[in-house]
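Participant: Submitted below is the structure of interest, expressed as structure tokens.
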Amino acid sequence: MENFPKLFIPGPTHVPEHVMSSISAPQIGHRTPEFSELMSEIVKGIQKVLYTDNHVYLASHAATGLWEMGITNSVKKGILHTVNGSFSSKWATVSRECGKETGVLEYNWGCGVKAEDVDKHLSSGKYDVFAMVHNETSTGVMSPLEPIAELLESKYPDVIWLVDAVSSMAGHKIEVDKLGIDFILSSTQKAWGLPAGFAVCAVADRMIKRAAEIKNKGYFLDIGVYEKYYEKMQTPATPSIPHMFGLKYALTSLFEEGLENRWDRHLKMAEFTRNWALSFGQSLFPEDGFASNTITCIQNDKNWDINSINNALLEQGYRMDRGYGKLRGKAFRISHMGNVFMDDLKDYLQKFEEVLHD
Ligand code: PLP
């Protein structure tokens with residue numbers, strides 16, 4: 001196999017060869033008992049990872065499609081989006097493009113989502129859906145879900161809650177049923193540690209009921225259609241079966257590691273990376289209390305020459321991140337999720353240091 005650099009970017013993330021091998025399983029028919037058995041195993045596994053009994057759909061496309069599924073199947077009146085980075089901003093754009101009444105609660109990049117701000121906006125009564133990105137990949141900001149859950153439960157029980165957990169699911173504990181999340185989505189190229197092009201979501205009963213009340217949702221992303229096939233443990237269209245074998249393998253590895261161990265591993269790697277950055281006199285880009293456990297975004301106070309570091313790391317066989325969009329060069333990210341373990345991370349940071357000294 002051709003040698004490409006090992007990825008320390010926040011997606012796609014590093015996929016080692018043993019995981020890649022799991023994907024190259026023989027094809028099976030998608031309307032057969034063996035398919036339903038495979039799907040059932042994956043669904044049960046994802047339910048365990050998310051601490052939920054909600055229905056889990058498997059989608060053979062990027063998570064962006066599930067953004068749209070969330071919107072078109074829930075919004076009757078209006079949707080409020082929190083925007084604190086590039087991905088949350090794009091999701092709000094999708095709502096506008098879907099023709100929905102879209103409100104935006106805007107934060108500076110680096111800030112986290114706060115329940116009191118959400119409260120102010122929802123109190124207008126204009127919205128029946130609230131959408132937020134749990135882990136803003138562009139800025140390395142993770143917004144705690146618990147305060148939002150408390151707010152919605154106590155003051156806005158009829159508002160449907162959509163959560164993008166693209167870069168946190170499978171790397172951070174998210175107790176979906178306890179939190180009362182109606183729709184949570186992710187794609188496979190982040191903490192799931194698989195190639196891109198596949199996405200998963202967990203859908204609560206009241207979201208399924210809401211979807212049934214909405215007309216003209218199209219066909220491909222209609223929850224009603226998904227439900228019809230879910231009853232048979234099938235997907236509406238021919239899915240990416242290789243990804244499904246990959247997911248089965250990823251779930252087996254995940255349970256071998258143990259859920260609590262996995263959450264702890266991600267936390268420890270995040271703490272290690274934060275301390276590493278601070279020890280060089282750099283600071284963290286996210287505001288205090290909102291640093292992500294899967295991605296560390298480092299503010300480049302020391303004006304390191306990120307392009308030169310990038311070139312040198314590439315020569316050593318590593319692909320670094322140079323900062324997302326307008327942050328390029330000013331803040332850069334180190335991804336530590338999925339198939340990246342502490343030894344991989346230490347190895348990368350060691351190389352990074354050598355490059356710095358050179
Ligand atoms: N949401 C977040 C937080 C992301 O980081 C990304 C991609 O990086 C997306 C959504 C879009 O995911 P996909 O490329 O799978 O559509």
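Each chain in the structure tokens gets a letter, A, B, ..., in the order shown, and its residues are numbered from 1; ligands are numbered from 1 in order too.
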Show me, as a list in words, the residues that have an atom within 10 Å of range 89-92 of chain A when counting only C-alpha atoms, minus same-chain residues fewer than 5 positions from it.

Facilitator: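 The filter keeps Thr64, Trp67, Glu68, Ile71, Ile79, Leu80, His81, Thr82, Val83, Asn84, Glu97, Cys98, Lys100, Thr102, Gly103, Val104, Glu106, Ala131, Met132, Val133 and Asp164 of chain A.
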
Participant: Write a file of the just-selected residues containing N, CA, C and O atoms, as a compact mmCIF listing (two decimals), in the first residue's frame.

Facilitator:
```txt
# COMPACT_ATOMS: atom_id res chain seq x y z
N THR A 64 -23.54 15.61 6.81
CA THR A 64 -24.26 16.78 6.30
C THR A 64 -25.70 16.41 5.90
O THR A 64 -26.63 17.18 6.11
N TRP A 67 -27.82 16.39 8.93
CA TRP A 67 -28.23 17.74 9.33
C TRP A 67 -29.60 18.03 8.72
O TRP A 67 -30.52 18.50 9.38
N GLU A 68 -29.66 17.71 7.41
CA GLU A 68 -30.88 18.01 6.66
C GLU A 68 -32.04 17.13 7.14
O GLU A 68 -33.18 17.60 7.24
N ILE A 71 -33.52 18.64 10.25
CA ILE A 71 -34.30 19.86 10.00
C ILE A 71 -35.65 19.53 9.35
O ILE A 71 -36.71 19.92 9.85
N ILE A 79 -36.57 27.22 13.74
CA ILE A 79 -35.44 26.52 14.36
C ILE A 79 -34.42 27.54 14.86
O ILE A 79 -34.09 28.49 14.14
N LEU A 80 -33.96 27.33 16.09
CA LEU A 80 -32.89 28.17 16.64
C LEU A 80 -31.58 27.40 16.56
O LEU A 80 -31.51 26.26 17.03
N HIS A 81 -30.57 28.04 15.96
CA HIS A 81 -29.23 27.44 15.90
C HIS A 81 -28.27 28.23 16.77
O HIS A 81 -28.29 29.48 16.72
N THR A 82 -27.41 27.55 17.52
CA THR A 82 -26.28 28.27 18.11
C THR A 82 -25.14 28.17 17.10
O THR A 82 -24.92 27.11 16.50
N VAL A 83 -24.44 29.28 16.91
CA VAL A 83 -23.33 29.31 15.96
C VAL A 83 -22.08 29.79 16.69
O VAL A 83 -22.03 30.93 17.16
N ASN A 84 -21.10 28.89 16.83
CA ASN A 84 -19.85 29.27 17.50
C ASN A 84 -18.63 28.73 16.75
O ASN A 84 -17.60 28.45 17.33
N GLU A 97 -31.55 27.19 3.76
CA GLU A 97 -31.69 26.64 2.40
C GLU A 97 -32.88 25.68 2.31
O GLU A 97 -33.42 25.46 1.23
N CYS A 98 -33.25 25.10 3.44
CA CYS A 98 -34.44 24.22 3.46
C CYS A 98 -35.70 25.07 3.58
O CYS A 98 -36.81 24.51 3.67
N LYS A 100 -36.60 27.06 6.07
CA LYS A 100 -37.17 27.13 7.43
C LYS A 100 -36.90 28.49 8.06
O LYS A 100 -35.88 29.13 7.78
N THR A 102 -35.33 30.54 10.42
CA THR A 102 -34.09 30.20 11.11
C THR A 102 -33.59 31.34 11.99
O THR A 102 -33.35 32.44 11.50
N GLY A 103 -33.44 31.07 13.27
CA GLY A 103 -32.86 32.06 14.17
C GLY A 103 -31.46 31.61 14.55
O GLY A 103 -31.16 30.41 14.58
N VAL A 104 -30.59 32.60 14.80
CA VAL A 104 -29.21 32.26 15.13
C VAL A 104 -28.79 32.96 16.41
O VAL A 104 -28.99 34.16 16.57
N GLU A 106 -25.51 33.79 18.03
CA GLU A 106 -24.13 33.83 17.54
C GLU A 106 -23.14 34.07 18.68
O GLU A 106 -23.35 34.95 19.51
N ALA A 131 -31.12 23.55 17.63
CA ALA A 131 -30.01 22.77 17.08
C ALA A 131 -28.67 23.31 17.56
O ALA A 131 -28.44 24.52 17.52
N MET A 132 -27.81 22.42 18.02
CA MET A 132 -26.47 22.85 18.44
C MET A 132 -25.43 21.81 18.08
O MET A 132 -25.73 20.62 17.93
N VAL A 133 -24.20 22.29 17.91
CA VAL A 133 -23.07 21.39 17.68
C VAL A 133 -22.39 21.14 19.02
O VAL A 133 -21.97 22.10 19.68
N ASP A 164 -25.52 17.85 16.94
CA ASP A 164 -24.45 17.37 16.07
C ASP A 164 -23.33 16.90 16.99
O ASP A 164 -22.75 17.71 17.73
```

Participant: Taking only C-alpha atoms and all ligand atoms into account, which residues have an atom no farther than 7 Å from ligand 1? I'd like them as a list in words.

Facilitator: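 Protein and nucleic-acid residues within 7 Å of ligand 1: Gly11, Ala62, Ala63, Thr64, Gly65, Phe87, Ser88, Val133, Asn135, Glu136, Thr137, Ser138, Asp164, Ala165, Val166, Ser167, Ser187, Ala196, Gly197 and Ala199 of chain A.
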
Participant: I want to know what sits within 7 Å of Ser74 in chain A, based on only C-alpha atoms, with residues of the same chain fewer than 6 positions away left out; could you give that as a list in words?

Facilitator: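 Near neighbours after the sequence-gap exclusion: Val129, Met207, Arg210 and Ala211 of chain A.
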
Participant: Residues of range 81-171 of chain A within 12 Å of range 272-296 of chain A: nearest atom pair and distance (Å, one decimal) for each, counting only C-alpha atoms, sorted by chain and number, as a tab-separated table?

Facilitator:
```
residue	atom	partner	partner_atom	distance
A:Asn84	CA	A:Pro286	CA	10.5
A:Gly85	CA	A:Pro286	CA	11.0
A:Tyr107	CA	A:Glu287	CA	11.4
A:Asn108	CA	A:Glu287	CA	10.1
A:Trp109	CA	A:Pro286	CA	8.1
A:Gly110	CA	A:Pro286	CA	4.3
A:Cys111	CA	A:Glu287	CA	5.6
A:Gly112	CA	A:Phe290	CA	5.8
A:Val113	CA	A:Phe290	CA	8.8
A:Lys114	CA	A:Phe290	CA	10.3
A:His134	CA	A:Ser292	CA	9.4
A:Asn135	CA	A:Ser292	CA	6.7
A:Glu136	CA	A:Ser292	CA	8.4
A:Thr137	CA	A:Ile295	CA	7.3
A:Ser138	CA	A:Ile295	CA	9.4
A:Thr139	CA	A:Pro286	CA	6.8
A:Gly140	CA	A:Ser292	CA	5.3
A:Val141	CA	A:Ala291	CA	5.1
A:Met142	CA	A:Ser292	CA	4.6
A:Ser143	CA	A:Phe290	CA	5.8
A:Pro144	CA	A:Phe290	CA	7.5
A:Leu145	CA	A:Phe290	CA	11.2
A:Ala165	CA	A:Thr294	CA	11.3
A:Val166	CA	A:Thr294	CA	10.9
A:Ser167	CA	A:Thr294	CA	7.2
A:Ser168	CA	A:Thr294	CA	6.5
A:Met169	CA	A:Thr294	CA	9.6
A:Ala170	CA	A:Thr294	CA	9.9
A:Gly171	CA	A:Thr294	CA	6.5
```

Participant: Could the residues in this selection be written to a file with C-alpha atoms, as a PDB file, in the first residue's frame?

Facilitator:
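As a result, out-v9.pdb now contains:
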```
ATOM      1  CA  ASN A  84     -19.854  29.267  17.500  1.00  0.00           C
ATOM      2  CA  GLY A  85     -17.688  28.101  14.613  1.00  0.00           C
ATOM      3  CA  TYR A 107     -20.989  33.491  19.652  1.00  0.00           C
ATOM      4  CA  ASN A 108     -17.410  34.501  18.960  1.00  0.00           C
ATOM      5  CA  TRP A 109     -15.300  31.598  17.748  1.00  0.00           C
ATOM      6  CA  GLY A 110     -13.798  29.879  20.781  1.00  0.00           C
ATOM      7  CA  CYS A 111     -16.860  30.404  22.963  1.00  0.00           C
ATOM      8  CA  GLY A 112     -19.110  27.642  24.228  1.00  0.00           C
ATOM      9  CA  VAL A 113     -22.891  27.401  24.168  1.00  0.00           C
ATOM     10  CA  LYS A 114     -24.513  28.578  27.401  1.00  0.00           C
ATOM     11  CA  HIS A 134     -21.741  19.567  20.732  1.00  0.00           C
ATOM     12  CA  ASN A 135     -18.105  19.641  19.668  1.00  0.00           C
ATOM     13  CA  GLU A 136     -17.263  22.502  17.287  1.00  0.00           C
ATOM     14  CA  THR A 137     -14.490  20.867  15.288  1.00  0.00           C
ATOM     15  CA  SER A 138     -13.285  24.156  13.800  1.00  0.00           C
ATOM     16  CA  THR A 139     -12.421  25.633  17.207  1.00  0.00           C
ATOM     17  CA  GLY A 140     -11.999  22.633  19.528  1.00  0.00           C
ATOM     18  CA  VAL A 141     -14.896  23.832  21.692  1.00  0.00           C
ATOM     19  CA  MET A 142     -17.038  21.265  23.500  1.00  0.00           C
ATOM     20  CA  SER A 143     -20.220  22.659  25.044  1.00  0.00           C
ATOM     21  CA  PRO A 144     -21.549  20.662  28.008  1.00  0.00           C
ATOM     22  CA  LEU A 145     -24.961  19.210  27.221  1.00  0.00           C
ATOM     23  CA  ALA A 165     -21.951  15.058  17.760  1.00  0.00           C
ATOM     24  CA  VAL A 166     -19.882  14.499  14.624  1.00  0.00           C
ATOM     25  CA  SER A 167     -16.521  14.904  16.364  1.00  0.00           C
ATOM     26  CA  SER A 168     -17.502  13.749  19.859  1.00  0.00           C
ATOM     27  CA  MET A 169     -19.654  10.628  19.455  1.00  0.00           C
ATOM     28  CA  ALA A 170     -17.677   7.491  20.397  1.00  0.00           C
ATOM     29  CA  GLY A 171     -14.989   9.675  22.000  1.00  0.00           C
TER      30      GLY A 171
END
```

Participant: Would you please extract all alpha helix (DSSP H) residues from range 186-348 of chain A, as assigned by DSSP on the backbone, and give them as a ChimeraX atom specification?

Facilitator: /A:205-212,223-230,241-257,259-279,306-315,342-348

Participant: Neighbours of Met233 in chain A within 8 Å (only C-alpha atoms; same-chain residues fewer than 6 positions away dropped), as a JSON list (two decimals) with N, CA and C atoms, in the first residue's frame?

Facilitator:
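That gives us selection08.json:
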```json
[["chain", "number", "residue", "atom", "x", "y", "z"],
["A", 36, "SER", "N", -29.84, -8.21, 8.03],
["A", 36, "SER", "CA", -30.59, -7.72, 9.21],
["A", 36, "SER", "C", -29.86, -8.07, 10.50],
["A", 37, "GLU", "N", -29.21, -9.22, 10.48],
["A", 37, "GLU", "CA", -28.45, -9.62, 11.67],
["A", 37, "GLU", "C", -27.28, -8.66, 11.90],
["A", 39, "MET", "N", -27.05, -5.56, 10.76],
["A", 39, "MET", "CA", -27.56, -4.24, 11.14],
["A", 39, "MET", "C", -28.01, -4.22, 12.60],
["A", 40, "SER", "N", -28.66, -5.29, 13.01],
["A", 40, "SER", "CA", -29.15, -5.36, 14.39],
["A", 40, "SER", "C", -27.98, -5.29, 15.38]]
```

Participant: Which residue gives the smallest distance to Leu221 in chain A among A:His14, A:Asn73, A:Val200, A:Val49, with only C-alpha atoms counted?

Facilitator: A:Asn73

Participant: Determine the nearest neighbour of Lys44 in chain A from the options A:Lys248, A:Arg31, A:Lys302, A:Lys330, counting only C-alpha atoms.

Facilitator: A:Lys248

Participant: Point out the residue among A:His61, A:Arg262, A:Lys228, A:Lys190 with the least atom-to-atom distance to Ser335 in chain A, counting only C-alpha atoms.

Facilitator: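 Smallest distance to Ser335 in chain A is found for A:Lys190.
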
Participant: Write out as a list in words each polymer residue whose atoms come within 9 Å of range 155-158 of chain A, counting only C-alpha atoms; drop sequence neighbours fewer than 6 positions from it.

Facilitator: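 Residues meeting the cut-off are Asp119, Leu122, Ser123, Asp128 and Val129 of chain A.
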
Participant: May I have the selected residues written with N, CA and C atoms, as a tab-separated table (two decimals), in the first residue's frame?

Facilitator:
```tsv
chain	number	residue	atom	x	y	z
A	119	ASP	N	-31.83	30.14	26.61
A	119	ASP	CA	-33.09	30.46	27.28
A	119	ASP	C	-33.66	31.78	26.73
A	122	LEU	N	-34.99	31.20	23.19
A	122	LEU	CA	-36.16	30.32	23.09
A	122	LEU	C	-37.40	30.96	23.71
A	123	SER	N	-37.17	31.88	24.64
A	123	SER	CA	-38.32	32.49	25.34
A	123	SER	C	-39.16	33.35	24.38
A	128	ASP	N	-39.71	25.89	17.52
A	128	ASP	CA	-40.11	24.58	18.06
A	128	ASP	C	-38.98	23.56	17.95
A	129	VAL	N	-37.81	24.03	17.45
A	129	VAL	CA	-36.64	23.14	17.34
A	129	VAL	C	-35.39	23.93	17.75
```

Participant: Based on DSSP run over this structure's backbone, return all residues of range 26-155 of chain A in strand (DSSP E), as a CSV table (one decimal) with C-alpha atoms, in the first residue's frame.

Facilitator:
```csv
chain,number,residue,atom,x,y,z
A,55,HIS,CA,-33.9,4.0,17.0
A,56,VAL,CA,-30.5,4.1,15.3
A,57,TYR,CA,-30.4,4.8,11.5
A,58,LEU,CA,-27.4,4.0,9.3
A,59,ALA,CA,-26.9,6.4,6.4
A,79,ILE,CA,-35.4,26.5,14.4
A,80,LEU,CA,-32.9,28.2,16.6
A,81,HIS,CA,-29.2,27.4,15.9
A,82,THR,CA,-26.3,28.3,18.1
A,83,VAL,CA,-23.3,29.3,16.0
A,102,THR,CA,-34.1,30.2,11.1
A,103,GLY,CA,-32.9,32.1,14.2
A,104,VAL,CA,-29.2,32.3,15.1
A,105,LEU,CA,-27.6,32.7,18.5
A,106,GLU,CA,-24.1,33.8,17.5
A,129,VAL,CA,-36.6,23.1,17.3
A,130,PHE,CA,-33.2,23.9,18.8
A,131,ALA,CA,-30.0,22.8,17.1
A,132,MET,CA,-26.5,22.9,18.4
A,133,VAL,CA,-23.1,21.4,17.7
A,135,ASN,CA,-18.1,19.6,19.7
A,136,GLU,CA,-17.3,22.5,17.3
A,141,VAL,CA,-14.9,23.8,21.7
A,142,MET,CA,-17.0,21.3,23.5
```

Participant: Determine the nearest neighbour of Ala212 in chain A from the options A:Ser308, A:Ile174, A:Val75, A:Pro242, counting only C-alpha atoms.

Facilitator: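 Using only C-alpha atoms, Ala212 in chain A sits closest to A:Val75.
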